[in-house]
file target39.tsv (TSV, C-alpha atoms (C1' of nucleotides))
chain	number	residue	atom	x	y	z
A	1	MET	CA	-20.39	13.17	76.51
A	2	ARG	CA	-22.17	13.07	79.83
A	3	THR	CA	-23.92	10.10	81.35
A	4	PRO	CA	-27.43	9.18	80.19
A	5	ASP	CA	-28.82	10.54	83.46
A	6	GLU	CA	-27.08	13.86	83.05
A	7	LEU	CA	-28.22	14.03	79.46
A	8	THR	CA	-31.78	13.45	80.63
A	9	ASP	CA	-31.53	16.51	82.86
A	10	LEU	CA	-29.82	18.49	80.15
A	11	PHE	CA	-32.53	17.69	77.65
A	12	ARG	CA	-35.27	18.66	80.06
A	13	ALA	CA	-33.44	21.87	80.93
A	14	SER	CA	-33.31	22.77	77.25
A	15	ARG	CA	-37.04	22.21	76.74
A	16	ARG	CA	-36.49	18.92	74.98
A	17	LYS	CA	-38.48	15.84	75.87
A	18	VAL	CA	-36.86	12.70	77.11
A	19	THR	CA	-38.30	9.66	75.45
A	20	ALA	CA	-37.43	6.00	75.77
A	21	GLN	CA	-35.91	6.20	72.28
A	22	ARG	CA	-33.62	9.04	73.25
A	23	GLN	CA	-32.45	7.32	76.41
A	24	CYS	CA	-31.74	4.24	74.38
A	25	ILE	CA	-29.57	6.32	72.06
A	26	PHE	CA	-27.82	7.91	75.05
A	27	ARG	CA	-26.91	4.46	76.34
A	28	ILE	CA	-25.67	3.31	72.97
A	29	LEU	CA	-23.40	6.33	72.52
A	30	GLN	CA	-22.09	6.05	76.06
A	31	GLY	CA	-18.49	4.86	75.77
A	32	ASP	CA	-18.80	4.09	72.07
A	33	GLU	CA	-15.42	4.70	70.47
A	34	THR	CA	-16.26	3.46	66.99
A	35	HIS	CA	-17.42	6.86	65.72
A	36	PRO	CA	-20.68	5.37	64.54
A	37	SER	CA	-22.79	6.66	61.71
A	38	ALA	CA	-26.46	7.44	62.21
A	39	GLU	CA	-27.17	4.15	60.51
A	40	SER	CA	-24.99	2.23	62.97
A	41	VAL	CA	-26.65	3.87	65.94
A	42	HIS	CA	-30.01	3.03	64.45
A	43	ALA	CA	-28.98	-0.59	63.97
A	44	ALA	CA	-27.87	-0.83	67.60
A	45	ALA	CA	-31.01	0.91	68.82
A	46	SER	CA	-33.21	-1.37	66.74
A	47	ARG	CA	-31.89	-4.32	68.72
A	48	GLU	CA	-33.50	-2.81	71.83
A	49	MET	CA	-36.46	-1.07	70.24
A	50	GLU	CA	-37.74	-2.77	67.14
A	51	THR	CA	-39.65	0.16	65.75
A	52	ILE	CA	-37.34	3.11	66.35
A	53	SER	CA	-37.10	5.13	63.18
A	54	LEU	CA	-33.94	6.32	61.51
A	55	LYS	CA	-35.37	9.83	61.53
A	56	THR	CA	-35.59	9.79	65.30
A	57	VAL	CA	-31.96	8.75	65.51
A	58	TYR	CA	-30.88	11.60	63.24
A	59	GLN	CA	-32.95	14.02	65.26
A	60	THR	CA	-31.45	12.98	68.56
A	61	LEU	CA	-27.91	12.96	67.20
A	62	HIS	CA	-28.40	16.49	65.92
A	63	ASP	CA	-29.76	17.58	69.26
A	64	LEU	CA	-26.76	16.10	71.03
A	65	ALA	CA	-24.43	17.80	68.57
A	66	GLU	CA	-26.22	21.10	69.07
A	67	LEU	CA	-25.75	20.78	72.81
A	68	GLY	CA	-22.08	20.03	72.27
A	69	GLU	CA	-22.38	16.57	73.79
A	70	ILE	CA	-21.16	14.81	70.68
A	71	ALA	CA	-19.27	15.96	67.60
A	72	ALA	CA	-20.39	15.44	64.01
A	73	LEU	CA	-17.47	14.47	61.79
A	74	ASP	CA	-17.19	14.37	58.04
A	75	VAL	CA	-13.99	12.57	57.19
A	76	GLY	CA	-14.96	11.47	53.73
A	77	THR	CA	-16.40	8.02	54.45
A	78	GLY	CA	-19.69	9.04	52.88
A	79	MET	CA	-21.66	9.37	56.07
A	80	THR	CA	-21.52	11.76	58.96
A	81	ARG	CA	-19.83	10.06	61.90
A	82	PHE	CA	-20.57	10.92	65.49
A	83	ASP	CA	-17.97	11.19	68.23
A	84	PRO	CA	-19.11	11.11	71.86
A	85	ASN	CA	-15.65	12.14	73.01
A	86	VAL	CA	-15.76	15.91	73.16
A	87	ASP	CA	-13.98	16.29	76.48
A	88	ASP	CA	-10.37	15.99	75.43
A	89	PRO	CA	-9.23	17.55	72.18
A	90	HIS	CA	-7.97	15.02	69.71
A	91	HIS	CA	-7.52	14.22	66.06
A	92	HIS	CA	-8.46	11.20	63.96
A	93	LEU	CA	-6.94	8.24	62.21
A	94	VAL	CA	-9.13	7.10	59.33
A	95	CYS	CA	-8.73	3.77	57.54
A	96	ARG	CA	-8.91	4.41	53.86
A	97	ARG	CA	-10.14	0.90	53.16
A	98	CYS	CA	-12.86	0.18	55.71
A	99	GLY	CA	-13.52	3.66	57.02
A	100	SER	CA	-12.92	2.85	60.66
A	101	ILE	CA	-11.87	5.79	62.81
A	102	ARG	CA	-9.66	5.93	65.88
A	103	ASP	CA	-9.05	8.85	68.16
A	104	LEU	CA	-5.54	10.24	68.38
A	105	VAL	CA	-5.04	12.23	71.54
A	106	VAL	CA	-1.91	14.12	70.65
A	107	ASP	CA	-1.29	17.83	70.79
A	108	PHE	CA	0.55	19.43	67.92
A	109	PRO	CA	1.90	22.62	69.48
A	110	ASP	CA	2.87	24.41	66.29
A	111	LEU	CA	-0.41	23.73	64.54
A	112	ALA	CA	-1.55	27.27	63.89
A	113	VAL	CA	-1.89	29.53	60.93
A	114	PRO	CA	1.21	31.72	60.85
A	115	LYS	CA	0.63	35.43	61.10
A	116	GLY	CA	0.22	36.95	57.68
A	117	ALA	CA	-0.55	33.61	56.07
A	118	ASP	CA	-4.22	33.60	56.96
A	119	LEU	CA	-5.29	35.51	53.85
A	120	GLY	CA	-7.77	37.45	55.93
A	121	PHE	CA	-9.44	34.35	57.29
A	122	GLU	CA	-10.57	34.43	60.87
A	123	VAL	CA	-9.48	30.97	61.89
A	124	GLY	CA	-11.41	29.22	64.63
A	125	SER	CA	-10.26	25.63	64.74
A	126	ALA	CA	-7.95	23.08	63.20
A	127	GLU	CA	-8.64	19.44	62.55
A	128	VAL	CA	-6.09	16.87	61.49
A	129	VAL	CA	-7.07	13.71	59.69
A	130	PHE	CA	-4.47	11.01	59.29
A	131	ARG	CA	-5.30	8.51	56.58
A	132	GLY	CA	-3.91	5.04	56.36
A	133	LEU	CA	-4.79	1.43	56.99
A	134	CYS	CA	-6.19	0.08	60.23
A	135	PRO	CA	-4.54	-3.02	61.71
A	136	SER	CA	-7.09	-5.39	60.18
A	137	CYS	CA	-6.84	-3.93	56.71
A	138	ARG	CA	-3.07	-3.62	56.92
A	139	ASP	CA	-2.81	-7.34	57.65
A	140	GLY	CA	-4.60	-8.12	54.46
A	141	TYR	CA	-7.90	-8.93	56.07
A	142	ARG	CA	-10.52	-8.22	53.46
A	143	ALA	CA	-13.62	-7.34	55.38
A	144	PRO	CA	-16.54	-6.38	53.24
A	145	VAL	CA	-16.13	-2.65	53.04
A	146	PRO	CA	-19.20	-1.13	54.66
A	147	ALA	CA	-21.68	0.27	52.21
A	148	VAL	CA	-20.60	3.76	51.46
A	149	ALA	CA	-22.35	6.75	50.01
A	150	ALA	CA	-22.51	6.95	46.28
A	151	GLY	CA	-20.28	9.95	46.20
A	152	SER	CA	-17.59	8.99	48.59
A	153	ARG	CA	-15.20	7.34	46.22
A	154	ARG	CA	-11.75	8.05	47.63
A	155	THR	CA	-8.57	8.02	45.65
B	1	MET	CA	-1.74	19.94	37.53
B	2	ARG	CA	-0.01	19.97	34.18
B	3	THR	CA	-0.92	22.09	31.22
B	4	PRO	CA	-3.82	21.06	28.98
B	5	ASP	CA	-1.32	19.99	26.33
B	6	GLU	CA	0.58	17.79	28.72
B	7	LEU	CA	-2.65	16.33	29.99
B	8	THR	CA	-3.61	15.50	26.43
B	9	ASP	CA	-0.45	13.46	26.06
B	10	LEU	CA	-0.92	11.89	29.47
B	11	PHE	CA	-4.47	10.82	28.68
B	12	ARG	CA	-3.42	9.28	25.38
B	13	ALA	CA	-0.53	7.53	27.04
B	14	SER	CA	-2.91	5.95	29.52
B	15	ARG	CA	-5.25	4.68	26.82
B	16	ARG	CA	-7.79	7.41	27.48
B	17	LYS	CA	-9.32	9.40	24.68
B	18	VAL	CA	-8.98	13.12	24.42
B	19	THR	CA	-12.29	14.72	23.54
B	20	ALA	CA	-13.28	18.33	23.15
B	21	GLN	CA	-15.19	18.03	26.43
B	22	ARG	CA	-12.15	16.83	28.29
B	23	GLN	CA	-9.92	19.56	26.91
B	24	CYS	CA	-12.52	22.11	27.90
B	25	ILE	CA	-12.38	20.77	31.46
B	26	PHE	CA	-8.57	20.84	31.40
B	27	ARG	CA	-8.65	24.52	30.50
B	28	ILE	CA	-11.19	25.34	33.16
B	29	LEU	CA	-9.18	23.66	35.90
B	30	GLN	CA	-5.95	25.27	34.73
B	31	GLY	CA	-5.03	27.83	37.36
B	32	ASP	CA	-8.38	27.57	39.15
B	33	GLU	CA	-7.77	28.18	42.83
B	34	THR	CA	-11.40	28.12	43.96
B	35	HIS	CA	-11.43	24.37	44.65
B	36	PRO	CA	-14.52	23.94	42.48
B	37	SER	CA	-17.13	21.25	42.88
B	38	ALA	CA	-18.10	19.03	39.96
B	39	GLU	CA	-21.19	21.19	39.61
B	40	SER	CA	-19.10	24.37	39.36
B	41	VAL	CA	-16.85	22.86	36.73
B	42	HIS	CA	-19.92	21.75	34.82
B	43	ALA	CA	-21.40	25.24	35.00
B	44	ALA	CA	-18.18	26.74	33.64
B	45	ALA	CA	-17.92	24.09	30.93
B	46	SER	CA	-21.53	24.61	29.91
B	47	ARG	CA	-20.69	28.17	29.00
B	48	GLU	CA	-18.37	26.83	26.30
B	49	MET	CA	-20.20	23.63	25.41
B	50	GLU	CA	-23.93	23.85	25.83
B	51	THR	CA	-24.60	20.13	25.92
B	52	ILE	CA	-21.79	18.80	28.07
B	53	SER	CA	-23.26	16.47	30.65
B	54	LEU	CA	-22.56	16.50	34.35
B	55	LYS	CA	-21.69	12.84	34.13
B	56	THR	CA	-18.88	13.60	31.70
B	57	VAL	CA	-17.49	16.17	34.10
B	58	TYR	CA	-17.52	13.68	36.97
B	59	GLN	CA	-15.86	11.10	34.76
B	60	THR	CA	-13.05	13.41	33.72
B	61	LEU	CA	-12.49	14.71	37.22
B	62	HIS	CA	-12.19	11.14	38.47
B	63	ASP	CA	-9.75	10.33	35.71
B	64	LEU	CA	-7.63	13.34	36.60
B	65	ALA	CA	-7.72	12.37	40.27
B	66	GLU	CA	-6.75	8.82	39.39
B	67	LEU	CA	-3.77	10.12	37.46
B	68	GLY	CA	-2.82	12.30	40.41
B	69	GLU	CA	-3.24	15.51	38.42
B	70	ILE	CA	-5.88	16.91	40.77
B	71	ALA	CA	-6.89	16.06	44.33
B	72	ALA	CA	-10.41	15.22	45.48
B	73	LEU	CA	-11.17	16.88	48.80
B	74	ASP	CA	-13.98	16.26	51.23
B	75	VAL	CA	-13.91	19.06	53.75
B	76	GLY	CA	-17.53	18.80	54.83
B	77	THR	CA	-19.13	21.30	52.47
B	78	GLY	CA	-21.45	18.63	51.13
B	79	MET	CA	-19.76	18.17	47.79
B	80	THR	CA	-16.42	16.80	46.74
B	81	ARG	CA	-14.12	19.68	45.88
B	82	PHE	CA	-11.30	19.39	43.37
B	83	ASP	CA	-7.88	20.93	43.78
B	84	PRO	CA	-5.61	21.29	40.72
B	85	ASN	CA	-2.67	22.19	42.93
B	86	VAL	CA	-0.98	18.91	43.68
B	87	ASP	CA	2.58	20.09	43.15
B	88	ASP	CA	3.32	21.74	46.43
B	89	PRO	CA	2.03	20.18	49.62
B	90	HIS	CA	-0.41	22.39	51.46
B	91	HIS	CA	-3.37	22.46	53.78
B	92	HIS	CA	-6.73	24.21	53.61
B	93	LEU	CA	-8.66	27.06	55.13
B	94	VAL	CA	-12.40	26.42	54.89
B	95	CYS	CA	-15.04	29.09	55.48
B	96	ARG	CA	-17.69	27.62	57.69
B	97	ARG	CA	-20.30	29.99	56.33
B	98	CYS	CA	-19.92	29.99	52.57
B	99	GLY	CA	-17.71	26.95	52.07
B	100	SER	CA	-14.98	28.75	50.19
B	101	ILE	CA	-11.55	27.15	50.39
B	102	ARG	CA	-8.09	28.69	50.29
B	103	ASP	CA	-4.76	26.93	50.12
B	104	LEU	CA	-2.38	27.32	52.99
B	105	VAL	CA	1.17	26.51	52.01
B	106	VAL	CA	2.76	26.02	55.39
B	107	ASP	CA	4.76	23.08	56.63
B	108	PHE	CA	4.04	21.78	60.11
B	109	PRO	CA	7.23	19.93	60.97
B	110	ASP	CA	5.92	18.07	64.01
B	111	LEU	CA	2.78	16.85	62.31
B	112	ALA	CA	3.25	13.10	62.61
B	113	VAL	CA	1.74	10.30	64.59
B	114	PRO	CA	4.04	9.69	67.54
B	115	LYS	CA	5.57	6.25	67.76
B	116	GLY	CA	3.38	3.96	69.80
B	117	ALA	CA	0.35	6.18	69.41
B	118	ASP	CA	-0.64	4.84	66.02
B	119	LEU	CA	-2.70	1.96	67.46
B	120	GLY	CA	-1.39	-0.30	64.75
B	121	PHE	CA	-2.46	2.02	61.97
B	122	GLU	CA	-0.19	2.30	58.98
B	123	VAL	CA	-0.39	6.02	58.45
B	124	GLY	CA	0.06	7.33	54.94
B	125	SER	CA	-0.88	10.98	54.96
B	126	ALA	CA	-2.08	13.85	57.09
B	127	GLU	CA	-4.49	16.59	56.13
B	128	VAL	CA	-5.13	19.70	58.15
B	129	VAL	CA	-8.34	21.66	57.79
B	130	PHE	CA	-8.57	25.07	59.41
B	131	ARG	CA	-12.14	26.26	59.82
B	132	GLY	CA	-13.17	29.84	60.17
B	133	LEU	CA	-14.62	32.74	58.29
B	134	CYS	CA	-13.36	34.02	54.97
B	135	PRO	CA	-12.78	37.76	54.63
B	136	SER	CA	-16.17	38.38	53.03
B	137	CYS	CA	-18.12	36.44	55.63
B	138	ARG	CA	-16.06	37.85	58.49
B	139	ASP	CA	-16.96	41.38	57.39
B	140	GLY	CA	-20.61	40.60	57.72
B	141	TYR	CA	-21.24	40.20	54.04
B	142	ARG	CA	-24.19	37.85	53.76
B	143	ALA	CA	-23.76	36.15	50.47
B	144	PRO	CA	-26.36	33.55	49.71
B	145	VAL	CA	-24.74	30.43	51.05
B	146	PRO	CA	-24.28	28.08	48.11
B	147	ALA	CA	-26.74	25.23	48.08
B	148	VAL	CA	-25.27	22.51	50.19
B	149	ALA	CA	-25.91	18.81	50.34
B	150	ALA	CA	-28.80	17.71	52.46
B	151	GLY	CA	-26.55	15.97	54.90
B	152	SER	CA	-23.85	18.52	55.34
B	153	ARG	CA	-25.31	20.43	58.22
B	154	ARG	CA	-22.31	21.67	60.18
B	155	THR	CA	-22.37	22.47	63.89
C	1	DT	C1'	-55.21	14.16	85.68
C	2	DC	C1'	-55.06	17.55	81.63
C	3	DC	C1'	-53.18	20.20	77.95
C	4	DA	C1'	-49.84	22.22	74.92
C	5	DT	C1'	-46.47	20.69	72.37
C	6	DA	C1'	-42.44	17.83	71.47
C	7	DT	C1'	-41.59	13.54	69.49
C	8	DC	C1'	-42.81	9.36	67.11
C	9	DA	C1'	-43.22	6.29	62.92
C	10	DC	C1'	-44.21	6.22	58.32
C	11	DC	C1'	-43.60	7.87	53.76
C	12	DA	C1'	-42.09	10.98	50.22
C	13	DA	C1'	-38.62	14.29	48.75
C	14	DT	C1'	-33.89	16.22	48.13
C	15	DG	C1'	-29.23	16.65	46.36
C	16	DA	C1'	-24.84	14.70	45.11
C	17	DT	C1'	-23.18	11.10	42.62
C	18	DT	C1'	-23.26	6.88	39.81
C	19	DG	C1'	-25.39	3.12	36.61
C	20	DT	C1'	-27.41	2.16	32.07
C	21	DT	C1'	-28.07	2.52	27.25
C	22	DG	C1'	-27.83	3.51	22.61
C	23	DT	C1'	-25.09	6.60	19.75
C	24	DT	C1'	-20.96	9.14	18.52
C	25	DT	C1'	-16.10	9.80	18.11
C	26	DG	C1'	-10.96	9.49	18.83
C	27	DA	C1'	-6.89	6.66	17.93
C	28	DC	C1'	-4.44	3.84	15.22
C	29	DA	C1'	-3.36	1.06	11.32
C	30	DA	C1'	-4.05	-0.26	6.46
D	1	DT	C1'	-7.91	8.98	3.91
D	2	DT	C1'	-10.71	5.49	5.62
D	3	DG	C1'	-12.20	1.46	8.39
D	4	DT	C1'	-12.55	-0.44	12.83
D	5	DC	C1'	-13.50	-0.74	17.62
D	6	DA	C1'	-13.26	0.46	22.19
D	7	DA	C1'	-13.81	4.54	24.78
D	8	DA	C1'	-16.56	8.43	25.71
D	9	DC	C1'	-20.75	10.96	24.94
D	10	DA	C1'	-25.69	12.75	26.35
D	11	DA	C1'	-29.86	11.63	28.30
D	12	DC	C1'	-32.27	9.42	31.76
D	13	DA	C1'	-33.06	6.63	35.76
D	14	DA	C1'	-31.32	4.87	40.09
D	15	DT	C1'	-28.86	5.07	44.60
D	16	DC	C1'	-27.65	6.56	49.11
D	17	DA	C1'	-27.53	9.56	53.10
D	18	DT	C1'	-30.34	12.76	54.95
D	19	DT	C1'	-34.39	15.70	55.65
D	20	DG	C1'	-39.50	17.35	55.14
D	21	DG	C1'	-44.41	16.46	55.85
D	22	DT	C1'	-48.24	14.36	58.60
D	23	DG	C1'	-51.32	12.42	61.65
D	24	DA	C1'	-50.97	9.89	66.00
D	25	DT	C1'	-48.87	9.39	70.56
D	26	DA	C1'	-46.46	10.52	74.69
D	27	DT	C1'	-44.08	13.89	77.80
D	28	DG	C1'	-43.87	17.15	81.62
D	29	DG	C1'	-45.43	20.99	84.18
D	30	DA	C1'	-49.75	22.91	86.14
call {"tool": "encode", "arguments": {"input": "target39.tsv", "output": "structure tokens"}}
result
Amino acid sequence: MRTPDELTDLFRASRRKVTAQRQCIFRILQGDETHPSAESVHAAASREMETISLKTVYQTLHDLAELGEIAALDVGTGMTRFDPNVDDPHHHLVCRRCGSIRDLVVDFPDLAVPKGADLGFEVGSAEVVFRGLCPSCRDGYRAPVPAVAAGSRRT
Amino acid sequence: MRTPDELTDLFRASRRKVTAQRQCIFRILQGDETHPSAESVHAAASREMETISLKTVYQTLHDLAELGEIAALDVGTGMTRFDPNVDDPHHHLVCRRCGSIRDLVVDFPDLAVPKGADLGFEVGSAEVVFRGLCPSCRDGYRAPVPAVAAGSRRT
DNA sequence: TCCATATCACCAATGATTGTTGTTTGACAA
DNA sequence: TTGTCAAACAACAATCATTGGTGATATGGA
């Protein structure tokens, strides 16, 4: 993701308006490696702007995703997670207890659909999700698992 | 997944009851390679049993997943998809237009988190999702995209 | 500064999934 | 076969993440 200032220009160039709320969200995402949900971003933004609405946060996150400045991930934690790191290709480690996500910047050279095995699919991209336990959860720390969508029961 | 008869025994052995509804679901899943959603299974079951409730379908699918007889997948199509093929390890091809899923039985030997790169994570499993267009969608066929969860807008 | 329009905050709606409740039914033993 | 009881059923309401209206406000180029 670019800097808040660059994003300001980018938004104006794409006929989008730059509001105080959006700049606040830009700043929050800047350097955030926690792969926050919309809700998390809203919580952080609310600390700076009491009245910012969740809808505004969703809107801005979608705009950023549309511009390719952040990536929207669905790794089965019940909420869409947003990843400001779109500059170097990477995969993800997902904690199956608390849902925390870490980037894994490793290239798997042979990760491609073998010729003839694609069943006619026109394959565009590959994502790898490693599931396991994050250091905290592995060490038996029982943090309250963040509220998770009704339907995201994992096995 | 085992045969309906074997599943009957397995359910009894695990103190679960075997009802007509459950056996109907066993039969529907048997050999199904479409990675159906709970809703799809319910639609198929309704053809045999008018009054079967969606809740019952969810319950049985969860039981089967708990027993390891089917796998619950979240590949970002907005609904949990269920995969009766748990016997040979495989990955998935997901159509980004219509959400159809195909198995890809290919082993990627170097697919592992390199030592030292795991950030303290205790990694248990790896899933690969290839995204692209299925043959129908690639050929320009514009099937009505199945209704998708509100929050599953993909970029 | 002014205007067209994007964005805001608030509230209601949506869709997948789960909780609740009162009734039915499978499993197992007498 | 029948009695018993917990498990499972169907119907309905609730939940959670996310999105759709709507009237008011603020942005950015002229």
call {"tool": "residues_around", "arguments": {"input": "target39.tsv", "residues": "DT2 of chain D", "least_positions_apart": "5", "cutoff": "12 Å", "atoms": "all atoms listed in the file", "output": "list in words"}}
result
DC28, DA29 and DA30 of chain C
call {"tool": "write_last_selection", "arguments": {"input": "target39.tsv", "atoms": "C-alpha atoms (C1' of nucleotides)", "output": "mmCIF file, in the coordinates of the input"}}
result
data_model
loop_
_atom_site.group_PDB
_atom_site.id
_atom_site.type_symbol
_atom_site.label_atom_id
_atom_site.label_comp_id
_atom_site.auth_asym_id
_atom_site.auth_seq_id
_atom_site.Cartn_x
_atom_site.Cartn_y
_atom_site.Cartn_z
ATOM 1 C "C1'" DC C 28 -4.440 3.840 15.220
ATOM 2 C "C1'" DA C 29 -3.360 1.060 11.320
ATOM 3 C "C1'" DA C 30 -4.050 -0.260 6.460
#
call {"tool": "residues_around", "arguments": {"input": "target39.tsv", "residues": "DT22 of chain D", "least_positions_apart": "6", "cutoff": "12 Å", "atoms": "all atoms listed in the file", "output": "PyMOL selection string"}}
result
chain C and resi 8-12
call {"tool": "calpha_fit_and_write", "arguments": {"input": "target39.tsv", "fixed": "chain A", "moving": "chain B", "output": "short mmCIF file (atom, residue, chain, number, x, y, z; two decimals) with C-alpha atoms, in the coordinates of the input"}}
result
data_model
loop_
_atom_site.label_atom_id
_atom_site.label_comp_id
_atom_site.auth_asym_id
_atom_site.auth_seq_id
_atom_site.Cartn_x
_atom_site.Cartn_y
_atom_site.Cartn_z
CA MET B 1 -20.33 13.15 76.48
CA ARG B 2 -22.09 13.08 79.81
CA THR B 3 -23.85 10.13 81.34
CA PRO B 4 -27.37 9.24 80.20
CA ASP B 5 -28.72 10.63 83.47
CA GLU B 6 -26.97 13.93 83.03
CA LEU B 7 -28.14 14.11 79.46
CA THR B 8 -31.68 13.57 80.65
CA ASP B 9 -31.40 16.62 82.86
CA LEU B 10 -29.69 18.59 80.12
CA PHE B 11 -32.42 17.80 77.61
CA ARG B 12 -35.14 18.81 80.04
CA ALA B 13 -33.29 21.98 80.90
CA SER B 14 -33.19 22.91 77.24
CA ARG B 15 -36.91 22.36 76.75
CA ARG B 16 -36.38 19.05 75.00
CA LYS B 17 -38.37 15.99 75.92
CA VAL B 18 -36.77 12.84 77.16
CA THR B 19 -38.28 9.81 75.48
CA ALA B 20 -37.45 6.15 75.75
CA GLN B 21 -35.95 6.36 72.25
CA ARG B 22 -33.63 9.16 73.23
CA GLN B 23 -32.46 7.42 76.38
CA CYS B 24 -31.78 4.32 74.35
CA ILE B 25 -29.57 6.39 72.04
CA PHE B 26 -27.82 7.96 75.04
CA ARG B 27 -26.92 4.51 76.33
CA ILE B 28 -25.70 3.33 72.96
CA LEU B 29 -23.40 6.31 72.52
CA GLN B 30 -22.09 6.03 76.07
CA GLY B 31 -18.51 4.82 75.78
CA ASP B 32 -18.81 4.03 72.07
CA GLU B 33 -15.43 4.64 70.49
CA THR B 34 -16.27 3.39 67.00
CA HIS B 35 -17.41 6.80 65.73
CA PRO B 36 -20.70 5.33 64.54
CA SER B 37 -22.79 6.63 61.69
CA ALA B 38 -26.46 7.45 62.18
CA GLU B 39 -27.22 4.16 60.48
CA SER B 40 -25.04 2.23 62.95
CA VAL B 41 -26.68 3.89 65.92
CA HIS B 42 -30.06 3.08 64.43
CA ALA B 43 -29.07 -0.55 63.96
CA ALA B 44 -27.96 -0.79 67.58
CA ALA B 45 -31.09 0.98 68.81
CA SER B 46 -33.32 -1.27 66.74
CA ARG B 47 -32.06 -4.22 68.72
CA GLU B 48 -33.65 -2.70 71.82
CA MET B 49 -36.59 -0.92 70.23
CA GLU B 50 -37.90 -2.62 67.14
CA THR B 51 -39.78 0.35 65.75
CA ILE B 52 -37.41 3.23 66.35
CA SER B 53 -37.14 5.24 63.16
CA LEU B 54 -33.96 6.39 61.51
CA LYS B 55 -35.34 9.90 61.50
CA THR B 56 -35.56 9.88 65.29
CA VAL B 57 -31.94 8.81 65.50
CA TYR B 58 -30.85 11.65 63.22
CA GLN B 59 -32.91 14.08 65.25
CA THR B 60 -31.39 13.04 68.55
CA LEU B 61 -27.87 12.98 67.19
CA HIS B 62 -28.34 16.52 65.89
CA ASP B 63 -29.68 17.62 69.24
CA LEU B 64 -26.69 16.13 71.01
CA ALA B 65 -24.34 17.80 68.55
CA GLU B 66 -26.13 21.10 69.04
CA LEU B 67 -25.65 20.80 72.77
CA GLY B 68 -21.99 20.02 72.24
CA GLU B 69 -22.30 16.57 73.81
CA ILE B 70 -21.10 14.77 70.68
CA ALA B 71 -19.21 15.92 67.59
CA ALA B 72 -20.33 15.40 64.00
CA LEU B 73 -17.40 14.42 61.81
CA ASP B 74 -17.11 14.32 58.06
CA VAL B 75 -13.91 12.52 57.23
CA GLY B 76 -14.88 11.43 53.73
CA THR B 77 -16.33 8.01 54.45
CA GLY B 78 -19.61 9.01 52.86
CA MET B 79 -21.60 9.35 56.05
CA THR B 80 -21.46 11.73 58.96
CA ARG B 81 -19.78 10.01 61.88
CA PHE B 82 -20.53 10.89 65.49
CA ASP B 83 -17.94 11.12 68.23
CA PRO B 84 -19.08 11.06 71.89
CA ASN B 85 -15.62 12.08 73.05
CA VAL B 86 -15.71 15.84 73.18
CA ASP B 87 -13.94 16.22 76.51
CA ASP B 88 -10.35 15.89 75.50
CA PRO B 89 -9.19 17.45 72.26
CA HIS B 90 -7.93 14.91 69.77
CA HIS B 91 -7.49 14.12 66.11
CA HIS B 92 -8.41 11.10 64.01
CA LEU B 93 -6.89 8.15 62.24
CA VAL B 94 -9.09 7.04 59.35
CA CYS B 95 -8.69 3.71 57.55
CA ARG B 96 -8.87 4.37 53.86
CA ARG B 97 -10.08 0.86 53.18
CA CYS B 98 -12.79 0.13 55.71
CA GLY B 99 -13.49 3.61 57.04
CA SER B 100 -12.87 2.78 60.67
CA ILE B 101 -11.83 5.70 62.84
CA ARG B 102 -9.62 5.83 65.92
CA ASP B 103 -8.98 8.76 68.21
CA LEU B 104 -5.50 10.13 68.43
CA VAL B 105 -4.96 12.14 71.57
CA VAL B 106 -1.84 14.05 70.69
CA ASP B 107 -1.26 17.77 70.84
CA PHE B 108 0.51 19.42 67.93
CA PRO B 109 1.84 22.61 69.48
CA ASP B 110 2.75 24.38 66.24
CA LEU B 111 -0.56 23.68 64.56
CA ALA B 112 -1.76 27.22 63.91
CA VAL B 113 -2.17 29.47 60.95
CA PRO B 114 0.89 31.70 60.84
CA LYS B 115 0.26 35.41 61.13
CA GLY B 116 -0.20 36.94 57.71
CA ALA B 117 -0.93 33.60 56.10
CA ASP B 118 -4.59 33.54 57.05
CA LEU B 119 -5.71 35.49 53.96
CA GLY B 120 -8.18 37.38 56.09
CA PHE B 121 -9.79 34.24 57.42
CA GLU B 122 -10.90 34.27 61.02
CA VAL B 123 -9.77 30.82 62.00
CA GLY B 124 -11.68 29.04 64.73
CA SER B 125 -10.49 25.46 64.80
CA ALA B 126 -8.15 22.95 63.24
CA GLU B 127 -8.80 19.30 62.55
CA VAL B 128 -6.17 16.80 61.55
CA VAL B 129 -7.07 13.62 59.71
CA PHE B 130 -4.43 10.94 59.33
CA ARG B 131 -5.25 8.46 56.59
CA GLY B 132 -3.89 4.98 56.37
CA LEU B 133 -4.73 1.39 57.01
CA CYS B 134 -6.13 0.03 60.24
CA PRO B 135 -4.47 -3.06 61.72
CA SER B 136 -7.00 -5.44 60.19
CA CYS B 137 -6.76 -3.98 56.71
CA ARG B 138 -2.99 -3.63 56.91
CA ASP B 139 -2.70 -7.35 57.65
CA GLY B 140 -4.48 -8.17 54.46
CA TYR B 141 -7.78 -8.97 56.07
CA ARG B 142 -10.40 -8.27 53.44
CA ALA B 143 -13.48 -7.39 55.35
CA PRO B 144 -16.41 -6.43 53.22
CA VAL B 145 -16.01 -2.70 52.98
CA PRO B 146 -19.09 -1.15 54.56
CA ALA B 147 -21.51 0.26 52.05
CA VAL B 148 -20.40 3.76 51.33
CA ALA B 149 -22.21 6.74 49.93
CA ALA B 150 -22.41 6.95 46.19
CA GLY B 151 -20.26 10.02 46.09
CA SER B 152 -17.54 9.07 48.48
CA ARG B 153 -15.17 7.46 46.07
CA ARG B 154 -11.72 8.15 47.49
CA THR B 155 -8.55 8.31 45.42
#
call {"tool": "closest_residue", "arguments": {"input": "target39.tsv", "among": "A:Glu50, A:Glu122, A:Asp83, A:Asp32", "to": "chain C", "atoms": "all atoms listed in the file"}}
result
A:Glu50
